[in-house]
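Quick look at protein27.cif (mmCIF, C-alpha atoms):
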data_final
loop_
_atom_site.label_atom_id
_atom_site.label_comp_id
_atom_site.auth_asym_id
_atom_site.auth_seq_id
_atom_site.Cartn_x
_atom_site.Cartn_y
_atom_site.Cartn_z
CA MET A 847 2.32 29.88 5.56
CA ALA A 848 6.02 30.61 6.11
CA GLY A 849 6.50 26.98 7.17
CA GLY A 850 5.13 25.86 3.81
CA PHE A 851 7.73 27.90 1.95
CA VAL A 852 10.45 26.39 4.12
CA VAL A 853 9.23 22.89 3.25
CA ILE A 854 9.16 23.70 -0.47
CA ASN A 855 12.68 25.12 -0.45
CA VAL A 856 14.13 22.32 1.65
CA LEU A 857 12.55 19.71 -0.65
CA ARG A 858 14.06 21.49 -3.65
CA ASP A 859 17.46 21.36 -1.93
CA CYS A 860 16.97 17.66 -1.14
CA ILE A 861 16.44 17.02 -4.84
CA SER A 862 19.50 18.99 -5.94
CA LEU A 863 21.69 17.42 -3.22
CA ASP A 864 20.30 13.90 -3.79
CA ARG A 865 19.15 13.61 -0.16
CA PHE A 866 16.10 11.36 -0.37
CA GLU A 867 16.04 10.26 3.27
CA PHE A 868 16.17 13.83 4.52
CA GLY A 869 13.32 14.73 2.17
CA GLU A 870 11.23 11.93 3.66
CA GLN A 871 11.90 13.39 7.10
CA VAL A 872 10.79 16.80 5.84
CA HIS A 873 7.60 15.17 4.55
CA GLY A 874 6.98 13.68 8.00
CA TRP A 875 7.52 17.07 9.60
CA ALA A 876 5.15 18.68 7.08
CA LEU A 877 2.50 16.05 7.85
CA LYS A 878 2.88 16.61 11.57
CA LEU A 879 2.43 20.37 11.18
CA GLY A 880 -0.41 20.09 8.66
CA PHE A 881 1.45 21.53 5.67
CA ALA A 882 1.41 18.38 3.54
CA THR A 883 -2.33 18.14 2.94
CA GLY A 884 -3.48 21.69 3.60
CA ASN A 885 -1.09 23.50 1.28
CA LEU A 886 -1.26 22.79 -2.47
CA TYR A 887 2.21 24.21 -3.07
CA VAL A 888 3.70 21.83 -0.52
CA GLY A 889 1.65 18.98 -1.99
CA CYS A 890 2.97 19.72 -5.48
CA SER A 891 6.52 19.93 -4.15
CA LEU A 892 6.12 16.55 -2.47
CA ILE A 893 4.71 15.00 -5.65
CA ASP A 894 7.67 16.43 -7.57
CA PHE A 895 10.16 15.33 -4.89
CA TYR A 896 9.01 11.71 -4.92
CA GLY A 897 8.72 11.70 -8.71
CA ARG A 898 12.31 12.85 -9.15
CA PHE A 899 13.43 9.99 -6.92
CA GLN A 900 11.31 7.52 -8.92
CA CYS A 901 8.97 6.79 -5.97
CA MET A 902 5.72 6.73 -7.88
CA ALA A 903 3.71 5.12 -5.08
CA SER A 904 4.67 7.97 -2.73
CA SER A 905 3.88 10.60 -5.38
CA LYS A 906 0.49 8.99 -5.92
CA ARG A 907 -0.17 8.79 -2.17
CA VAL A 908 0.51 12.53 -1.77
CA PHE A 909 -1.72 13.23 -4.79
CA ASP A 910 -4.50 11.08 -3.33
CA ASP A 911 -4.18 12.83 0.05
CA ILE A 912 -5.06 16.15 -1.59
CA ARG A 913 -8.86 16.30 -1.63
CA SER A 914 -10.15 15.90 -5.18
CA GLY A 915 -12.06 19.19 -5.01
CA CYS A 916 -8.85 21.02 -4.12
CA ARG A 917 -6.70 19.59 -6.91
CA ASP A 918 -6.00 22.36 -9.38
CA THR A 919 -4.22 22.30 -12.74
CA VAL A 920 -0.81 22.54 -11.09
CA VAL A 921 -1.45 19.53 -8.81
CA TRP A 922 -2.72 17.38 -11.69
CA THR A 923 0.19 18.42 -13.91
CA ALA A 924 2.72 17.75 -11.13
CA MET A 925 1.38 14.19 -10.85
CA LEU A 926 1.45 13.75 -14.61
CA ALA A 927 5.04 15.03 -14.83
CA ALA A 928 6.14 12.78 -11.95
CA LEU A 929 4.72 9.75 -13.76
CA CYS A 930 6.58 10.76 -16.93
CA ARG A 931 9.84 11.07 -14.99
CA GLY A 932 9.24 7.58 -13.62
CA ALA A 933 8.60 6.19 -17.12
CA CYS A 934 5.01 5.32 -16.11
CA PHE A 935 3.75 6.57 -19.44
CA LEU A 936 0.44 4.71 -19.60
CA ASP A 937 -0.37 5.90 -16.07
CA ALA A 938 0.43 9.47 -17.14
CA VAL A 939 -2.06 9.20 -19.99
CA LYS A 940 -4.66 7.83 -17.56
CA VAL A 941 -4.09 10.76 -15.18
CA PHE A 942 -4.53 13.16 -18.11
CA LYS A 943 -7.86 11.54 -18.94
CA GLU A 944 -8.94 11.69 -15.28
CA MET A 945 -8.00 15.36 -15.23
CA GLY A 946 -10.26 15.97 -18.22
CA ARG A 947 -13.13 14.05 -16.62
CA ALA A 948 -12.66 16.14 -13.47
CA GLY A 949 -13.18 19.25 -15.59
CA LYS A 950 -9.78 20.76 -14.79
CA ARG A 951 -8.18 23.28 -17.13
CA MET A 952 -5.04 22.17 -18.86
CA ASN A 953 -2.03 24.30 -19.68
CA SER A 954 0.84 24.01 -22.15
CA PHE A 955 2.96 22.14 -19.59
CA THR A 956 0.13 19.63 -19.09
CA PHE A 957 -0.02 18.98 -22.82
CA SER A 958 3.76 18.85 -23.24
CA SER A 959 4.05 16.30 -20.44
CA VAL A 960 1.28 14.02 -21.64
CA LEU A 961 2.48 14.20 -25.25
CA TRP A 962 5.91 13.08 -24.05
CA ALA A 963 4.21 10.09 -22.42
CA CYS A 964 2.16 9.36 -25.54
CA GLY A 965 5.34 9.03 -27.55
CA TRP A 966 6.38 6.10 -25.36
CA VAL A 967 3.05 4.33 -24.76
CA GLY A 968 3.39 2.13 -27.84
CA ASP A 969 -0.19 2.34 -29.07
CA ASP A 970 0.62 3.60 -32.59
CA ALA A 971 -0.06 7.19 -31.51
CA ARG A 972 -3.74 6.57 -30.65
CA SER A 973 -3.30 8.26 -27.27
CA GLY A 974 -1.26 11.04 -28.85
CA ARG A 975 -3.90 11.70 -31.48
CA GLN A 976 -6.56 11.90 -28.75
CA VAL A 977 -4.44 14.38 -26.81
CA HIS A 978 -3.83 16.35 -30.02
CA CYS A 979 -7.63 16.54 -30.55
CA THR A 980 -8.06 17.74 -26.97
CA ALA A 981 -5.39 20.41 -27.53
CA ILE A 982 -7.30 21.62 -30.60
CA LYS A 983 -10.60 21.55 -28.72
CA VAL A 984 -9.33 23.68 -25.82
CA GLY A 985 -7.28 26.06 -27.97
CA PHE A 986 -3.70 24.92 -27.37
CA GLU A 987 -2.82 23.56 -30.81
CA SER A 988 -1.03 26.75 -31.84
CA ASP A 989 0.98 26.96 -28.59
CA GLU A 990 4.67 26.64 -29.50
CA PHE A 991 5.47 24.25 -26.62
CA VAL A 992 2.53 22.02 -27.47
CA ARG A 993 3.35 22.10 -31.18
CA SER A 994 6.97 21.18 -30.49
CA SER A 995 5.79 18.32 -28.26
CA LEU A 996 3.53 17.13 -31.08
CA VAL A 997 6.54 17.02 -33.40
CA SER A 998 8.44 14.88 -30.88
CA MET A 999 5.51 12.59 -30.15
CA TYR A 1000 4.62 11.92 -33.77
CA GLY A 1001 8.28 11.42 -34.63
CA ARG A 1002 8.78 8.95 -31.78
CA CYS A 1003 5.73 7.04 -33.01
CA GLY A 1004 7.21 6.86 -36.52
CA LEU A 1005 4.60 9.18 -38.05
CA VAL A 1006 6.99 11.43 -39.91
CA GLY A 1007 4.27 13.05 -42.03
CA ASP A 1008 2.29 14.11 -38.97
CA ALA A 1009 5.48 15.31 -37.28
CA ARG A 1010 6.30 17.38 -40.34
CA LYS A 1011 2.78 18.92 -40.41
CA SER A 1012 3.15 19.92 -36.77
CA PHE A 1013 6.63 21.28 -37.46
CA GLU A 1014 5.40 23.32 -40.42
CA GLY A 1015 2.68 24.82 -38.21
CA LEU A 1016 5.27 26.29 -35.85
CA GLY A 1017 5.56 30.05 -36.13
CA GLN A 1018 9.06 30.39 -34.73
CA ARG A 1019 11.32 27.38 -34.85
CA ASP A 1020 13.86 27.42 -32.06
CA GLY A 1021 16.58 24.86 -31.40
CA SER A 1022 14.30 22.49 -29.51
CA CYS A 1023 11.86 22.36 -32.43
CA TRP A 1024 14.64 21.58 -34.89
CA ASN A 1025 16.05 18.97 -32.51
CA ALA A 1026 12.62 17.37 -32.23
CA MET A 1027 12.29 17.24 -36.01
CA LEU A 1028 15.81 15.94 -36.60
CA SER A 1029 15.80 13.36 -33.81
CA PHE A 1030 13.86 10.66 -35.62
#
Any chance you could put this one into structure tokens?
Amino acid sequence: MAGGFVVINVLRDCISLDRFEFGEQVHGWALKLGFATGNLYVGCSLIDFYGRFQCMASSKRVFDDIRSGCRDTVVWTAMLAALCRGACFLDAVKVFKEMGRAGKRMNSFTFSSVLWACGWVGDDARSGRQVHCTAIKVGFESDEFVRSSLVSMYGRCGLVGDARKSFEGLGQRDGSCWNAMLSF
């Protein structure tokens, strides 16, 4: 297990130092030693690593290498966030839907990430409204991060009234909420 933590920390350093090639070598080493597919934390770190370097095919390959029965909320959300970083917004929405079909629990970061994607899909907020309904259904509508993401998504889609309703539903309005409301 100690080797897995080393891989995670070295990948994090590769991201901060902009050392993509070295990170690929670390991935090869992790594969050779069995950390890449047998350790979900390493898998998530690899998905994040490739996503931050805009290598969506590599992120997806790592995701696919993790057995579907072993993919937890963190793995699914890491893939979703990587797709958002790579501006693959429609793919991010598709991954969110797959996650739901797989029966995986979602968290506030999952919803925040997919709502970000929904704001850029260009489908007149249809995807965003579906995600909003899912958030209500699973009890995340009142979550401050989700609510703030709803404000941003509806605003980006030009639905100022819906953005305002989401904004008014916020209990505490911090700077990010006000920025979301004022940015459109």
Distance query Ala971 (chain A) at most 8 Å, only C-alpha atoms, self and fewer than 4 positions along chain excluded, as a list in words:
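Answer for this query is Cys964, Gly965, Val967, Arg975, Met999, Tyr1000 and Cys1003 of chain A.
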When you look at Val960 (chain A) with a cut-off of 7 Å (counting only C-alpha atoms), what residues show up, excluding the ones that are within fewer than 4 positions of it in the same chain? I need them as a ChimeraX atom specification.
/A:938-939,942,956,964
Considering all atoms listed in the file, can you say which of A:Val997, A:Gly897, A:Ser1029, A:Met945 comes closest to Leu1016 (chain A)?
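Result for the nearest residue to Leu1016 (chain A): A:Val997.
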Using all atoms listed in the file: which of A:Asn1025, A:Thr883, A:Ser988, A:Ser891 has the shortest distance to Asn855 (chain A)
A:Ser891
Residue with the minimum atom-to-atom distance to Ser995 (chain A), picked from A:Thr923, A:Cys1023, A:Gly1007, A:Cys979 with all atoms listed in the file counted, is A:Cys1023
Give me the result of the PyMOL selection byres ((chain A and resi 926) around 7) on this file, residue by residue, as a short mmCIF file (atom, residue, chain, number, x, y, z; two decimals) with C-alpha atoms, in the coordinates of the input.
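And here is the file that came out, selection.cif:
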data_model
loop_
_atom_site.label_atom_id
_atom_site.label_comp_id
_atom_site.auth_asym_id
_atom_site.auth_seq_id
_atom_site.Cartn_x
_atom_site.Cartn_y
_atom_site.Cartn_z
CA TRP A 922 -2.72 17.38 -11.69
CA THR A 923 0.19 18.42 -13.91
CA ALA A 924 2.72 17.75 -11.13
CA MET A 925 1.38 14.19 -10.85
CA ALA A 927 5.04 15.03 -14.83
CA ALA A 928 6.14 12.78 -11.95
CA LEU A 929 4.72 9.75 -13.76
CA CYS A 930 6.58 10.76 -16.93
CA ALA A 938 0.43 9.47 -17.14
CA VAL A 941 -4.09 10.76 -15.18
CA PHE A 942 -4.53 13.16 -18.11
CA SER A 959 4.05 16.30 -20.44
#
Matched chain/residue IDs from the PyMOL selection byres ((chain A and resi 903-917) around 9), as a CSV table (one decimal) with C-alpha atoms, keeping the file's coordinate frame:
chain,number,residue,atom,x,y,z
A,882,ALA,CA,1.4,18.4,3.5
A,883,THR,CA,-2.3,18.1,2.9
A,884,GLY,CA,-3.5,21.7,3.6
A,885,ASN,CA,-1.1,23.5,1.3
A,886,LEU,CA,-1.3,22.8,-2.5
A,889,GLY,CA,1.6,19.0,-2.0
A,890,CYS,CA,3.0,19.7,-5.5
A,892,LEU,CA,6.1,16.6,-2.5
A,893,ILE,CA,4.7,15.0,-5.6
A,894,ASP,CA,7.7,16.4,-7.6
A,895,PHE,CA,10.2,15.3,-4.9
A,896,TYR,CA,9.0,11.7,-4.9
A,897,GLY,CA,8.7,11.7,-8.7
A,900,GLN,CA,11.3,7.5,-8.9
A,901,CYS,CA,9.0,6.8,-6.0
A,902,MET,CA,5.7,6.7,-7.9
A,918,ASP,CA,-6.0,22.4,-9.4
A,919,THR,CA,-4.2,22.3,-12.7
A,920,VAL,CA,-0.8,22.5,-11.1
A,921,VAL,CA,-1.4,19.5,-8.8
A,922,TRP,CA,-2.7,17.4,-11.7
A,924,ALA,CA,2.7,17.8,-11.1
A,925,MET,CA,1.4,14.2,-10.8
A,928,ALA,CA,6.1,12.8,-12.0
A,929,LEU,CA,4.7,9.8,-13.8
A,948,ALA,CA,-12.7,16.1,-13.5
A,950,LYS,CA,-9.8,20.8,-14.8
As a check of understanding: the span from CA of Gly985 (chain A) to CA of Gln1018 (chain A) is 18.2 Å
Pick out the residues sitting within 10 Å of Ile861 (chain A), and hand them over as an mmCIF file with C-alpha atoms, keeping the file's coordinate frame; count only C-alpha atoms, and ignore anything fewer than 3 positions along from it in its own chain.
data_model
loop_
_atom_site.group_PDB
_atom_site.id
_atom_site.type_symbol
_atom_site.label_atom_id
_atom_site.label_comp_id
_atom_site.auth_asym_id
_atom_site.auth_seq_id
_atom_site.Cartn_x
_atom_site.Cartn_y
_atom_site.Cartn_z
ATOM 1 C CA ASN A 855 12.680 25.120 -0.450
ATOM 2 C CA VAL A 856 14.130 22.320 1.650
ATOM 3 C CA LEU A 857 12.550 19.710 -0.650
ATOM 4 C CA ARG A 858 14.060 21.490 -3.650
ATOM 5 C CA ASP A 864 20.300 13.900 -3.790
ATOM 6 C CA ARG A 865 19.150 13.610 -0.160
ATOM 7 C CA PHE A 866 16.100 11.360 -0.370
ATOM 8 C CA PHE A 868 16.170 13.830 4.520
ATOM 9 C CA GLY A 869 13.320 14.730 2.170
ATOM 10 C CA ASP A 894 7.670 16.430 -7.570
ATOM 11 C CA PHE A 895 10.160 15.330 -4.890
ATOM 12 C CA TYR A 896 9.010 11.710 -4.920
ATOM 13 C CA ARG A 898 12.310 12.850 -9.150
ATOM 14 C CA PHE A 899 13.430 9.990 -6.920
#
Kindly indicate which residue among A:Glu867, A:Asp1020, A:Glu987, A:Glu1014 lies nearest to Phe957 (chain A), using only C-alpha atoms for the distances.
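Among the listed residues, A:Glu987 lies closest to Phe957 (chain A).
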Considering all atoms listed in the file, return as a PyMOL selection string whatever protein or nucleic-acid residues lie within 12 Å of Gly1015 (chain A), sequence-local ones (same chain, fewer than 5 positions apart) excluded.
chain A and resi 987-994+996-997+1008-1010+1023
With all atoms listed in the file as the basis for distance, which of A:Met952, A:Leu936, A:Ala1026, A:Val888 is at the shortest distance from Ala981 (chain A)?
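Using all atoms listed in the file, Ala981 (chain A) sits closest to A:Met952.
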Would you compute the box with edges along x, y and z of the file around region 848-863 of chain A, including every atom the file lists for it and 4 Å extra on each side, and give its centre and edge lengths in Å to one decimal, as AutoDock Vina command-line options?
--center_x 13.4 --center_y 23.8 --center_z 0.6 --size_x 24.6 --size_y 21.6 --size_z 21.1
